[in-house]
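K.L.:
My questions all concern the structure below.
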2 protein chains.
Amino acid sequence: MRTYLDCYPCFLRQALDAARRAGASEEQQRSVIRETLTALENLRGDETPPEIAHRVHGVVRGNVAADDPYKEAKTEGTRRARALYPRLKALVEESDDPLDTAIRVSIAGNIMDLGVADRHDDLWDVVERVLDQEFAIDDRAVLRSALEDADHVLFIGDNAGETVCDRVLVETLPVPVTYAVKGGPVLNDATMEDAVAAGLDRCATLITSGSDVPGTILAMCSTEFRRHYEAAPLIICKGHGNYESLSQEGPRVFCLLQVKCPIIGRDIGASTGSIVVRQGAS
Amino acid sequence: MRTYLDCYPCFLRQALDAARRAGASEEQQRSVIRETLTALENLRGDETPPEIAHRVHGVVRGNVAADDPYKEAKTEGTRRARALYPRLKALVEESDDPLDTAIRVSIAGNIMDLGVADRHDDLWDVVERVLDQEFAIDDRAVLRSALEDADHVLFIGDNAGETVCDRVLVETLPVPVTYAVKGGPVLNDATMEDAVAAGLDRCATLITSGSDVPGTILAMCSTEFRRHYEAAPLIICKGHGNYESLSQEGPRVFCLLQVKCPIIGRDIGASTGSIVVRQGAS
């Protein structure tokens, strides 16, 4: 997805949010804002949102000595989601259509996104909503059919906490899963540590993208990740950042997400609050 | 009020909104964003929000040939509010405390502010809410007492449409009123034309600030406005922009507003959605 001009205010807001989470002083916050303005001014104009977010969060790290401003939020998000894990599993086990319920649980988890403004949703409330919600874009049938033909799945995760909901889906999928997380901390995106805290090491082979871009820019990923990516017969990816970077990467890719801002919504053709399973375009 | 760093994303958003209302092409919108980034980068750091907004809207005018991007929105806002005028008058006439009701009607009108994000409020719904709402900051008693001693009032308006609600208050005040509007278009702030469309010429002496700053920066106002300002025994001013520029201008000034963003809320000490009558500090 290209970067819309509407995203610019959001990058500034994200920079300030990350700086504060990192404990930045007023002076450091001011430097972060100023350098972010400069970074935005110097864009070529063809960067995707994850590439720009990557630079913005680099500005924060350059100004504030904090490896991972969202660490506490991620730990807390995983803790809250894990507390719900038995109830999420029960939903799937008691369902007439376990795979469908697990897909919905995984998409519900996508609400745990600290890159978008003003989200204070209760995960269980969102799960209950998504269980009964109609899909705004619905390629579930194609996904089911692709799952029958695939011998394994590459699952590209998004946020910490959401990982617990993804675990429910991974455990329901009929084939082995390789689950990819970020190569380093950015926003509240899950890293290896977060995936292990969610228990994903018990049901999937864990790898990293080799990159701390909040999305999947293949050229910035490790050779090892790209090898997994090329070899995968089916790729499930989660959330805004992966949609922004992989939605045009062909029919092997399925984007599972909640639409959490009007800009993504306009691009995807669905309103904020929608749930989406979308096969990638070529 | 000083400008908080949280205001920066909002200025970018405002610039883009104004550019689009002015019919800017994609290329013009991109220039507006880029020049706004430069303008924000070059701030000294002691400017108030109305001064910065003034520059930002100047950037829009410099890129898009439109005298008044909000003209249509202002006309429509005034039309909607005028349709409610008989009902607003009836509320005051049937009230046990007409002055109090008229103050609430005027404050309810302050919702018609296109400078803040995502406002799609129905004016009558807001009037009904504000009629029963407790004041978060309540200097109404001091204002009433000041009105008894004053031989006239300078009333500094804010937005088009809100002007109709102000008219209800002006018509209820026991003393003659001079009503000030902006000297030129900026955001949906009322100009002379908008005040006349609201019928304020029938109940007040109309003047302008001589400036198109979306607030009241005295140094940027006309000599004539400043003469009115200095001579006024009592000043009622409306909305965010006037609060941001006049809240420290002493006890003659009373700010009447709704808190419509968390940043103003933090400064004033009240949450978003609050209603406020606040006497100026020295």
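Residues in the structure tokens are numbered from 1 in each chain, the chains being A, B, ... in the order shown, and ligands are numbered from 1 in the order shown.
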Kindly assemble as CSV a list of the segment 68-136 of chain A residues that lie within 12 Å of segment 17-28 of chain A, each paired with its nearest atom pair and their distance in Å to one decimal, using only C-alpha atoms, sorted first by chain and then by ascending residue number.

P.N.:
residue,atom,partner,partner_atom,distance
A:Asp68,CA,A:Ala22,CA,7.3
A:Pro69,CA,A:Ala22,CA,4.3
A:Tyr70,CA,A:Arg21,CA,6.6
A:Lys71,CA,A:Arg21,CA,9.1
A:Glu72,CA,A:Arg21,CA,9.0
A:Ala73,CA,A:Arg21,CA,9.0
A:Lys74,CA,A:Arg21,CA,11.8
A:Leu114,CA,A:Asp17,CA,9.3
A:Gly115,CA,A:Asp17,CA,9.1
A:Val116,CA,A:Asp17,CA,10.5
A:Ala117,CA,A:Asp17,CA,9.6
A:Asp118,CA,A:Asp17,CA,11.2

K.L.:
Could you fit chain B onto chain A with a least-squares superposition over all C-alpha atoms, matched one to one in order, and give me the transformed chain as a PDB file with C-alpha atoms, in the first residue's frame?

P.N.:
ATOM      1  CA  MET B   1      -0.012   0.025  -0.018  1.00  0.00           C
ATOM      2  CA  ARG B   2       1.230   3.479  -0.787  1.00  0.00           C
ATOM      3  CA  THR B   3       1.475   6.042   1.978  1.00  0.00           C
ATOM      4  CA  TYR B   4      -1.441   8.447   2.036  1.00  0.00           C
ATOM      5  CA  LEU B   5      -0.925  12.044   3.173  1.00  0.00           C
ATOM      6  CA  ASP B   6      -3.361  11.312   6.009  1.00  0.00           C
ATOM      7  CA  CYS B   7      -0.686   9.008   7.461  1.00  0.00           C
ATOM      8  CA  TYR B   8       1.724  11.895   8.147  1.00  0.00           C
ATOM      9  CA  PRO B   9      -0.047  13.232  11.263  1.00  0.00           C
ATOM     10  CA  CYS B  10      -0.215   9.648  12.507  1.00  0.00           C
ATOM     11  CA  PHE B  11       3.580   9.165  12.168  1.00  0.00           C
ATOM     12  CA  LEU B  12       4.152  12.289  14.268  1.00  0.00           C
ATOM     13  CA  ARG B  13       1.725  11.010  16.883  1.00  0.00           C
ATOM     14  CA  GLN B  14       3.464   7.606  16.903  1.00  0.00           C
ATOM     15  CA  ALA B  15       6.877   9.223  17.335  1.00  0.00           C
ATOM     16  CA  LEU B  16       5.670  11.192  20.346  1.00  0.00           C
ATOM     17  CA  ASP B  17       3.943   8.163  21.853  1.00  0.00           C
ATOM     18  CA  ALA B  18       7.057   6.005  21.472  1.00  0.00           C
ATOM     19  CA  ALA B  19       9.295   8.747  22.880  1.00  0.00           C
ATOM     20  CA  ARG B  20       7.103   9.091  25.961  1.00  0.00           C
ATOM     21  CA  ARG B  21       6.926   5.342  26.495  1.00  0.00           C
ATOM     22  CA  ALA B  22      10.726   5.385  26.329  1.00  0.00           C
ATOM     23  CA  GLY B  23      10.772   7.931  29.148  1.00  0.00           C
ATOM     24  CA  ALA B  24      11.947  10.851  27.005  1.00  0.00           C
ATOM     25  CA  SER B  25      12.366  14.234  28.674  1.00  0.00           C
ATOM     26  CA  GLU B  26      10.478  17.240  27.294  1.00  0.00           C
ATOM     27  CA  GLU B  27      13.671  18.265  25.482  1.00  0.00           C
ATOM     28  CA  GLN B  28      14.133  14.781  24.008  1.00  0.00           C
ATOM     29  CA  GLN B  29      10.488  14.730  22.934  1.00  0.00           C
ATOM     30  CA  ARG B  30      11.044  18.057  21.175  1.00  0.00           C
ATOM     31  CA  SER B  31      14.099  16.655  19.358  1.00  0.00           C
ATOM     32  CA  VAL B  32      12.124  13.574  18.344  1.00  0.00           C
ATOM     33  CA  ILE B  33       9.330  15.728  16.895  1.00  0.00           C
ATOM     34  CA  ARG B  34      11.814  17.964  15.069  1.00  0.00           C
ATOM     35  CA  GLU B  35      13.787  15.059  13.577  1.00  0.00           C
ATOM     36  CA  THR B  36      10.576  13.295  12.623  1.00  0.00           C
ATOM     37  CA  LEU B  37       9.431  16.445  10.791  1.00  0.00           C
ATOM     38  CA  THR B  38      12.756  16.458   8.909  1.00  0.00           C
ATOM     39  CA  ALA B  39      12.476  12.748   8.109  1.00  0.00           C
ATOM     40  CA  LEU B  40       8.951  13.212   6.762  1.00  0.00           C
ATOM     41  CA  GLU B  41      10.030  16.221   4.714  1.00  0.00           C
ATOM     42  CA  ASN B  42      12.780  14.199   3.066  1.00  0.00           C
ATOM     43  CA  LEU B  43      10.669  11.255   1.947  1.00  0.00           C
ATOM     44  CA  ARG B  44      10.838  10.363  -1.737  1.00  0.00           C
ATOM     45  CA  GLY B  45       7.106   9.762  -1.759  1.00  0.00           C
ATOM     46  CA  ASP B  46       7.062   6.096  -2.770  1.00  0.00           C
ATOM     47  CA  GLU B  47       7.799   4.578   0.644  1.00  0.00           C
ATOM     48  CA  THR B  48       5.179   2.323   2.220  1.00  0.00           C
ATOM     49  CA  PRO B  49       3.862   3.107   5.729  1.00  0.00           C
ATOM     50  CA  PRO B  50       6.002   0.398   7.406  1.00  0.00           C
ATOM     51  CA  GLU B  51       9.195   1.857   5.874  1.00  0.00           C
ATOM     52  CA  ILE B  52       8.309   5.319   7.160  1.00  0.00           C
ATOM     53  CA  ALA B  53       7.304   4.007  10.586  1.00  0.00           C
ATOM     54  CA  HIS B  54      10.655   2.209  10.699  1.00  0.00           C
ATOM     55  CA  ARG B  55      12.500   5.502  10.190  1.00  0.00           C
ATOM     56  CA  VAL B  56      10.317   7.282  12.703  1.00  0.00           C
ATOM     57  CA  HIS B  57      10.961   4.702  15.406  1.00  0.00           C
ATOM     58  CA  GLY B  58      14.652   4.888  14.494  1.00  0.00           C
ATOM     59  CA  VAL B  59      14.506   8.617  15.286  1.00  0.00           C
ATOM     60  CA  VAL B  60      13.095   7.772  18.720  1.00  0.00           C
ATOM     61  CA  ARG B  61      15.846   5.225  19.397  1.00  0.00           C
ATOM     62  CA  GLY B  62      18.429   7.773  18.244  1.00  0.00           C
ATOM     63  CA  ASN B  63      17.204  10.315  20.802  1.00  0.00           C
ATOM     64  CA  VAL B  64      16.205   8.207  23.769  1.00  0.00           C
ATOM     65  CA  ALA B  65      18.323   5.438  25.221  1.00  0.00           C
ATOM     66  CA  ALA B  66      15.638   2.761  25.287  1.00  0.00           C
ATOM     67  CA  ASP B  67      15.917  -0.482  23.369  1.00  0.00           C
ATOM     68  CA  ASP B  68      12.228  -1.239  23.527  1.00  0.00           C
ATOM     69  CA  PRO B  69       9.806   1.554  24.533  1.00  0.00           C
ATOM     70  CA  TYR B  70       6.830  -0.811  24.267  1.00  0.00           C
ATOM     71  CA  LYS B  71       8.331  -3.626  26.372  1.00  0.00           C
ATOM     72  CA  GLU B  72       6.047  -3.102  29.345  1.00  0.00           C
ATOM     73  CA  ALA B  73       2.963  -2.735  27.148  1.00  0.00           C
ATOM     74  CA  LYS B  74       3.875  -5.941  25.301  1.00  0.00           C
ATOM     75  CA  THR B  75       4.403  -7.938  28.480  1.00  0.00           C
ATOM     76  CA  GLU B  76       1.093  -6.701  29.843  1.00  0.00           C
ATOM     77  CA  GLY B  77      -0.699  -7.410  26.544  1.00  0.00           C
ATOM     78  CA  THR B  78       0.614 -10.965  26.476  1.00  0.00           C
ATOM     79  CA  ARG B  79      -0.337 -11.477  30.115  1.00  0.00           C
ATOM     80  CA  ARG B  80      -3.898 -10.305  29.513  1.00  0.00           C
ATOM     81  CA  ALA B  81      -4.304 -12.449  26.413  1.00  0.00           C
ATOM     82  CA  ARG B  82      -2.807 -15.543  28.076  1.00  0.00           C
ATOM     83  CA  ALA B  83      -5.330 -15.184  30.890  1.00  0.00           C
ATOM     84  CA  LEU B  84      -8.031 -15.600  28.234  1.00  0.00           C
ATOM     85  CA  TYR B  85      -6.318 -18.488  26.436  1.00  0.00           C
ATOM     86  CA  PRO B  86      -8.378 -21.287  28.075  1.00  0.00           C
ATOM     87  CA  ARG B  87     -11.600 -19.493  27.166  1.00  0.00           C
ATOM     88  CA  LEU B  88     -10.409 -18.898  23.599  1.00  0.00           C
ATOM     89  CA  LYS B  89      -9.499 -22.599  23.257  1.00  0.00           C
ATOM     90  CA  ALA B  90     -12.900 -23.599  24.625  1.00  0.00           C
ATOM     91  CA  LEU B  91     -14.625 -21.424  22.011  1.00  0.00           C
ATOM     92  CA  VAL B  92     -12.828 -23.298  19.256  1.00  0.00           C
ATOM     93  CA  GLU B  93     -13.310 -26.752  20.788  1.00  0.00           C
ATOM     94  CA  GLU B  94     -17.020 -26.198  21.280  1.00  0.00           C
ATOM     95  CA  SER B  95     -17.520 -24.711  17.821  1.00  0.00           C
ATOM     96  CA  ASP B  96     -19.322 -26.453  14.962  1.00  0.00           C
ATOM     97  CA  ASP B  97     -16.622 -25.014  12.720  1.00  0.00           C
ATOM     98  CA  PRO B  98     -13.388 -24.894  14.717  1.00  0.00           C
ATOM     99  CA  LEU B  99     -11.272 -23.497  11.862  1.00  0.00           C
ATOM    100  CA  ASP B 100     -13.688 -20.639  11.284  1.00  0.00           C
ATOM    101  CA  THR B 101     -13.830 -19.816  14.983  1.00  0.00           C
ATOM    102  CA  ALA B 102     -10.028 -19.942  15.254  1.00  0.00           C
ATOM    103  CA  ILE B 103      -9.691 -17.566  12.280  1.00  0.00           C
ATOM    104  CA  ARG B 104     -12.062 -15.156  14.058  1.00  0.00           C
ATOM    105  CA  VAL B 105     -10.155 -15.424  17.344  1.00  0.00           C
ATOM    106  CA  SER B 106      -6.896 -14.642  15.543  1.00  0.00           C
ATOM    107  CA  ILE B 107      -8.482 -11.630  13.815  1.00  0.00           C
ATOM    108  CA  ALA B 108     -10.000 -10.437  17.095  1.00  0.00           C
ATOM    109  CA  GLY B 109      -6.472 -10.426  18.551  1.00  0.00           C
ATOM    110  CA  ASN B 110      -5.443  -7.923  15.906  1.00  0.00           C
ATOM    111  CA  ILE B 111      -7.123  -5.234  18.011  1.00  0.00           C
ATOM    112  CA  MET B 112      -4.002  -5.204  20.243  1.00  0.00           C
ATOM    113  CA  ASP B 113      -2.288  -2.654  18.019  1.00  0.00           C
ATOM    114  CA  LEU B 114      -0.584   0.300  19.699  1.00  0.00           C
ATOM    115  CA  GLY B 115       0.311   1.886  16.336  1.00  0.00           C
ATOM    116  CA  VAL B 116      -3.218   3.244  15.931  1.00  0.00           C
ATOM    117  CA  ALA B 117      -4.658   6.049  18.027  1.00  0.00           C
ATOM    118  CA  ASP B 118      -6.970   5.799  20.998  1.00  0.00           C
ATOM    119  CA  ARG B 119      -7.457   2.067  21.340  1.00  0.00           C
ATOM    120  CA  HIS B 120      -8.536   0.920  24.763  1.00  0.00           C
ATOM    121  CA  ASP B 121     -10.481  -2.156  23.780  1.00  0.00           C
ATOM    122  CA  ASP B 122     -11.111  -5.067  26.037  1.00  0.00           C
ATOM    123  CA  LEU B 123      -9.901  -8.179  24.191  1.00  0.00           C
ATOM    124  CA  TRP B 124     -12.750 -10.394  25.309  1.00  0.00           C
ATOM    125  CA  ASP B 125     -15.356  -7.804  24.205  1.00  0.00           C
ATOM    126  CA  VAL B 126     -13.696  -7.735  20.790  1.00  0.00           C
ATOM    127  CA  VAL B 127     -13.625 -11.547  20.568  1.00  0.00           C
ATOM    128  CA  GLU B 128     -17.359 -11.645  21.271  1.00  0.00           C
ATOM    129  CA  ARG B 129     -17.991  -9.002  18.609  1.00  0.00           C
ATOM    130  CA  VAL B 130     -15.848 -10.696  15.966  1.00  0.00           C
ATOM    131  CA  LEU B 131     -17.407 -14.139  16.571  1.00  0.00           C
ATOM    132  CA  ASP B 132     -20.711 -12.828  15.205  1.00  0.00           C
ATOM    133  CA  GLN B 133     -19.423 -10.232  12.764  1.00  0.00           C
ATOM    134  CA  GLU B 134     -19.826 -10.465   8.989  1.00  0.00           C
ATOM    135  CA  PHE B 135     -16.619 -10.264   6.985  1.00  0.00           C
ATOM    136  CA  ALA B 136     -16.317  -7.058   4.939  1.00  0.00           C
ATOM    137  CA  ILE B 137     -13.928  -8.890   2.619  1.00  0.00           C
ATOM    138  CA  ASP B 138     -14.232 -12.632   2.735  1.00  0.00           C
ATOM    139  CA  ASP B 139     -11.733 -14.924   1.044  1.00  0.00           C
ATOM    140  CA  ARG B 140     -12.190 -17.592   3.718  1.00  0.00           C
ATOM    141  CA  ALA B 141     -13.350 -20.209   1.192  1.00  0.00           C
ATOM    142  CA  VAL B 142     -10.219 -19.718  -0.926  1.00  0.00           C
ATOM    143  CA  LEU B 143      -8.095 -19.884   2.216  1.00  0.00           C
ATOM    144  CA  ARG B 144      -9.735 -23.150   3.296  1.00  0.00           C
ATOM    145  CA  SER B 145      -9.157 -24.647  -0.122  1.00  0.00           C
ATOM    146  CA  ALA B 146      -5.516 -23.469  -0.142  1.00  0.00           C
ATOM    147  CA  LEU B 147      -5.035 -25.054   3.297  1.00  0.00           C
ATOM    148  CA  GLU B 148      -6.126 -28.423   1.868  1.00  0.00           C
ATOM    149  CA  ASP B 149      -3.395 -28.282  -0.767  1.00  0.00           C
ATOM    150  CA  ALA B 150      -0.591 -26.852   1.396  1.00  0.00           C
ATOM    151  CA  ASP B 151       1.896 -29.062   3.245  1.00  0.00           C
ATOM    152  CA  HIS B 152       2.840 -26.220   5.591  1.00  0.00           C
ATOM    153  CA  VAL B 153       2.065 -22.576   6.325  1.00  0.00           C
ATOM    154  CA  LEU B 154       4.231 -19.521   6.917  1.00  0.00           C
ATOM    155  CA  PHE B 155       2.335 -17.421   9.472  1.00  0.00           C
ATOM    156  CA  ILE B 156       3.627 -13.836   9.777  1.00  0.00           C
ATOM    157  CA  GLY B 157       2.535 -12.396  13.115  1.00  0.00           C
ATOM    158  CA  ASP B 158       1.904  -8.825  14.177  1.00  0.00           C
ATOM    159  CA  ASN B 159       1.529  -7.654  17.783  1.00  0.00           C
ATOM    160  CA  ALA B 160       2.434  -9.070  21.186  1.00  0.00           C
ATOM    161  CA  GLY B 161      -0.682 -10.442  22.875  1.00  0.00           C
ATOM    162  CA  GLU B 162      -2.296 -10.956  19.488  1.00  0.00           C
ATOM    163  CA  THR B 163       0.232 -13.803  19.368  1.00  0.00           C
ATOM    164  CA  VAL B 164      -1.873 -15.702  21.928  1.00  0.00           C
ATOM    165  CA  CYS B 165      -4.893 -15.469  19.628  1.00  0.00           C
ATOM    166  CA  ASP B 166      -2.705 -16.560  16.705  1.00  0.00           C
ATOM    167  CA  ARG B 167      -1.596 -19.543  18.773  1.00  0.00           C
ATOM    168  CA  VAL B 168      -5.232 -20.662  18.932  1.00  0.00           C
ATOM    169  CA  LEU B 169      -5.380 -20.552  15.128  1.00  0.00           C
ATOM    170  CA  VAL B 170      -1.981 -22.211  14.688  1.00  0.00           C
ATOM    171  CA  GLU B 171      -3.100 -25.068  16.932  1.00  0.00           C
ATOM    172  CA  THR B 172      -6.227 -25.495  14.808  1.00  0.00           C
ATOM    173  CA  LEU B 173      -4.535 -25.462  11.398  1.00  0.00           C
ATOM    174  CA  PRO B 174      -4.236 -28.950   9.861  1.00  0.00           C
ATOM    175  CA  VAL B 175      -0.605 -28.505   8.732  1.00  0.00           C
ATOM    176  CA  PRO B 176       2.735 -27.576  10.343  1.00  0.00           C
ATOM    177  CA  VAL B 177       3.296 -23.861  10.853  1.00  0.00           C
ATOM    178  CA  THR B 178       6.372 -21.658  10.767  1.00  0.00           C
ATOM    179  CA  TYR B 179       5.573 -18.498  12.743  1.00  0.00           C
ATOM    180  CA  ALA B 180       7.583 -15.359  11.956  1.00  0.00           C
ATOM    181  CA  VAL B 181       8.107 -12.421  14.308  1.00  0.00           C
ATOM    182  CA  LYS B 182      10.132  -9.209  14.011  1.00  0.00           C
ATOM    183  CA  GLY B 183      13.920  -9.359  14.175  1.00  0.00           C
ATOM    184  CA  GLY B 184      13.973  -6.501  16.703  1.00  0.00           C
ATOM    185  CA  PRO B 185      11.580  -4.372  18.734  1.00  0.00           C
ATOM    186  CA  VAL B 186       9.394  -1.794  17.000  1.00  0.00           C
ATOM    187  CA  LEU B 187       6.026  -0.550  18.298  1.00  0.00           C
ATOM    188  CA  ASN B 188       4.323  -3.392  20.163  1.00  0.00           C
ATOM    189  CA  ASP B 189       5.120  -5.841  17.372  1.00  0.00           C
ATOM    190  CA  ALA B 190       6.015  -9.290  18.668  1.00  0.00           C
ATOM    191  CA  THR B 191       9.661 -10.343  18.820  1.00  0.00           C
ATOM    192  CA  MET B 192      11.000 -13.844  19.534  1.00  0.00           C
ATOM    193  CA  GLU B 193      10.725 -13.231  23.278  1.00  0.00           C
ATOM    194  CA  ASP B 194       7.066 -12.208  22.946  1.00  0.00           C
ATOM    195  CA  ALA B 195       6.257 -15.263  20.800  1.00  0.00           C
ATOM    196  CA  VAL B 196       7.768 -17.566  23.395  1.00  0.00           C
ATOM    197  CA  ALA B 197       5.861 -15.758  26.166  1.00  0.00           C
ATOM    198  CA  ALA B 198       2.672 -16.470  24.196  1.00  0.00           C
ATOM    199  CA  GLY B 199       3.544 -20.187  24.038  1.00  0.00           C
ATOM    200  CA  LEU B 200       3.930 -20.216  20.257  1.00  0.00           C
ATOM    201  CA  ASP B 201       7.144 -22.241  20.592  1.00  0.00           C
ATOM    202  CA  ARG B 202       4.971 -25.198  21.645  1.00  0.00           C
ATOM    203  CA  CYS B 203       3.025 -25.349  18.396  1.00  0.00           C
ATOM    204  CA  ALA B 204       5.117 -23.716  15.665  1.00  0.00           C
ATOM    205  CA  THR B 205       8.661 -23.355  14.381  1.00  0.00           C
ATOM    206  CA  LEU B 206       9.633 -19.800  15.308  1.00  0.00           C
ATOM    207  CA  ILE B 207      11.706 -17.609  12.994  1.00  0.00           C
ATOM    208  CA  THR B 208      12.254 -13.865  12.674  1.00  0.00           C
ATOM    209  CA  SER B 209      11.975 -11.576   9.673  1.00  0.00           C
ATOM    210  CA  GLY B 210      15.513 -10.458  10.446  1.00  0.00           C
ATOM    211  CA  SER B 211      14.222  -6.876  10.383  1.00  0.00           C
ATOM    212  CA  ASP B 212      12.590  -4.423  12.747  1.00  0.00           C
ATOM    213  CA  VAL B 213      10.358  -2.888  10.096  1.00  0.00           C
ATOM    214  CA  PRO B 214       6.748  -2.943  11.422  1.00  0.00           C
ATOM    215  CA  GLY B 215       5.585  -4.946   8.422  1.00  0.00           C
ATOM    216  CA  THR B 216       7.326  -7.224   5.929  1.00  0.00           C
ATOM    217  CA  ILE B 217       9.498  -5.398   3.401  1.00  0.00           C
ATOM    218  CA  LEU B 218      11.116  -8.407   1.738  1.00  0.00           C
ATOM    219  CA  ALA B 219      14.210  -6.481   0.620  1.00  0.00           C
ATOM    220  CA  MET B 220      14.895  -5.590   4.253  1.00  0.00           C
ATOM    221  CA  CYS B 221      14.352  -9.128   5.606  1.00  0.00           C
ATOM    222  CA  SER B 222      17.090 -11.690   6.225  1.00  0.00           C
ATOM    223  CA  THR B 223      18.117 -14.206   3.563  1.00  0.00           C
ATOM    224  CA  GLU B 224      16.869 -16.954   5.854  1.00  0.00           C
ATOM    225  CA  PHE B 225      13.425 -15.359   6.156  1.00  0.00           C
ATOM    226  CA  ARG B 226      13.223 -14.845   2.404  1.00  0.00           C
ATOM    227  CA  ARG B 227      14.083 -18.531   1.892  1.00  0.00           C
ATOM    228  CA  HIS B 228      11.137 -19.503   4.123  1.00  0.00           C
ATOM    229  CA  TYR B 229       8.965 -16.968   2.338  1.00  0.00           C
ATOM    230  CA  GLU B 230       9.838 -18.239  -1.159  1.00  0.00           C
ATOM    231  CA  ALA B 231       9.339 -21.876  -0.166  1.00  0.00           C
ATOM    232  CA  ALA B 232       5.968 -21.439   1.547  1.00  0.00           C
ATOM    233  CA  PRO B 233       2.965 -22.753  -0.402  1.00  0.00           C
ATOM    234  CA  LEU B 234       0.678 -20.593   1.734  1.00  0.00           C
ATOM    235  CA  ILE B 235       1.314 -17.454   3.769  1.00  0.00           C
ATOM    236  CA  ILE B 236      -1.022 -16.091   6.433  1.00  0.00           C
ATOM    237  CA  CYS B 237      -0.093 -12.592   7.570  1.00  0.00           C
ATOM    238  CA  LYS B 238      -1.689 -10.442  10.213  1.00  0.00           C
ATOM    239  CA  GLY B 239      -2.536  -6.777  10.661  1.00  0.00           C
ATOM    240  CA  HIS B 240      -2.058  -3.357   9.104  1.00  0.00           C
ATOM    241  CA  GLY B 241       1.720  -3.415   8.602  1.00  0.00           C
ATOM    242  CA  ASN B 242       1.728  -6.750   6.796  1.00  0.00           C
ATOM    243  CA  TYR B 243      -1.274  -5.733   4.699  1.00  0.00           C
ATOM    244  CA  GLU B 244       0.535  -2.515   3.762  1.00  0.00           C
ATOM    245  CA  SER B 245       3.612  -4.418   2.644  1.00  0.00           C
ATOM    246  CA  LEU B 246       2.302  -7.790   1.332  1.00  0.00           C
ATOM    247  CA  SER B 247      -1.224  -7.237  -0.032  1.00  0.00           C
ATOM    248  CA  GLN B 248       0.078  -7.106  -3.617  1.00  0.00           C
ATOM    249  CA  GLU B 249       2.354 -10.126  -3.311  1.00  0.00           C
ATOM    250  CA  GLY B 250       0.146 -12.648  -5.086  1.00  0.00           C
ATOM    251  CA  PRO B 251      -2.431 -15.360  -4.308  1.00  0.00           C
ATOM    252  CA  ARG B 252      -0.288 -17.353  -1.855  1.00  0.00           C
ATOM    253  CA  VAL B 253      -0.683 -14.514   0.652  1.00  0.00           C
ATOM    254  CA  PHE B 254      -3.763 -14.152   2.857  1.00  0.00           C
ATOM    255  CA  CYS B 255      -4.096 -10.989   4.951  1.00  0.00           C
ATOM    256  CA  LEU B 256      -6.125 -11.396   8.155  1.00  0.00           C
ATOM    257  CA  LEU B 257      -6.887  -8.144   9.946  1.00  0.00           C
ATOM    258  CA  GLN B 258      -9.218  -5.712  11.566  1.00  0.00           C
ATOM    259  CA  VAL B 259      -9.532  -2.333   9.876  1.00  0.00           C
ATOM    260  CA  LYS B 260      -8.513   0.108  12.607  1.00  0.00           C
ATOM    261  CA  CYS B 261      -8.146   3.392  10.734  1.00  0.00           C
ATOM    262  CA  PRO B 262     -10.033   5.051   7.878  1.00  0.00           C
ATOM    263  CA  ILE B 263      -6.958   5.179   5.651  1.00  0.00           C
ATOM    264  CA  ILE B 264      -6.392   1.420   5.572  1.00  0.00           C
ATOM    265  CA  GLY B 265     -10.163   1.194   5.253  1.00  0.00           C
ATOM    266  CA  ARG B 266     -10.201   3.359   2.143  1.00  0.00           C
ATOM    267  CA  ASP B 267      -7.386   1.350   0.565  1.00  0.00           C
ATOM    268  CA  ILE B 268      -8.979  -2.013   1.318  1.00  0.00           C
ATOM    269  CA  GLY B 269     -12.554  -0.887   0.619  1.00  0.00           C
ATOM    270  CA  ALA B 270     -14.045  -1.502   4.072  1.00  0.00           C
ATOM    271  CA  SER B 271     -14.985   0.723   6.972  1.00  0.00           C
ATOM    272  CA  THR B 272     -13.176   1.068  10.298  1.00  0.00           C
ATOM    273  CA  GLY B 273     -14.130  -1.835  12.567  1.00  0.00           C
ATOM    274  CA  SER B 274     -14.444  -4.298   9.665  1.00  0.00           C
ATOM    275  CA  ILE B 275     -12.901  -7.758   9.707  1.00  0.00           C
ATOM    276  CA  VAL B 276     -11.090  -8.993   6.631  1.00  0.00           C
ATOM    277  CA  VAL B 277      -9.634 -12.165   5.123  1.00  0.00           C
ATOM    278  CA  ARG B 278      -8.154 -11.064   1.838  1.00  0.00           C
ATOM    279  CA  GLN B 279      -6.144 -13.031  -0.703  1.00  0.00           C
ATOM    280  CA  GLY B 280      -3.164 -11.113  -2.085  1.00  0.00           C
ATOM    281  CA  ALA B 281      -3.387  -9.481  -5.496  1.00  0.00           C
ATOM    282  CA  SER B 282      -0.644  -9.953  -8.079  1.00  0.00           C
TER     283      SER B 282
END

K.L.:
DSSP on the backbone: what in segment 14-244 of chain B comes out strand (DSSP E or B), as a PyMOL selection string?

P.N.:
chain B and resi 135-138+153-156+159+177-182+189+191+205-208+235-238

K.L.:
Please, which residues of segment 124-242 of chain A, numbered as in this document, come out helix (DSSP H, G or I) from DSSP, as an MDAnalysis selection string?

P.N.:
chainID A and resid 124:132 140:149 162:172 192:197 200:202 218:220 223:231 239:242
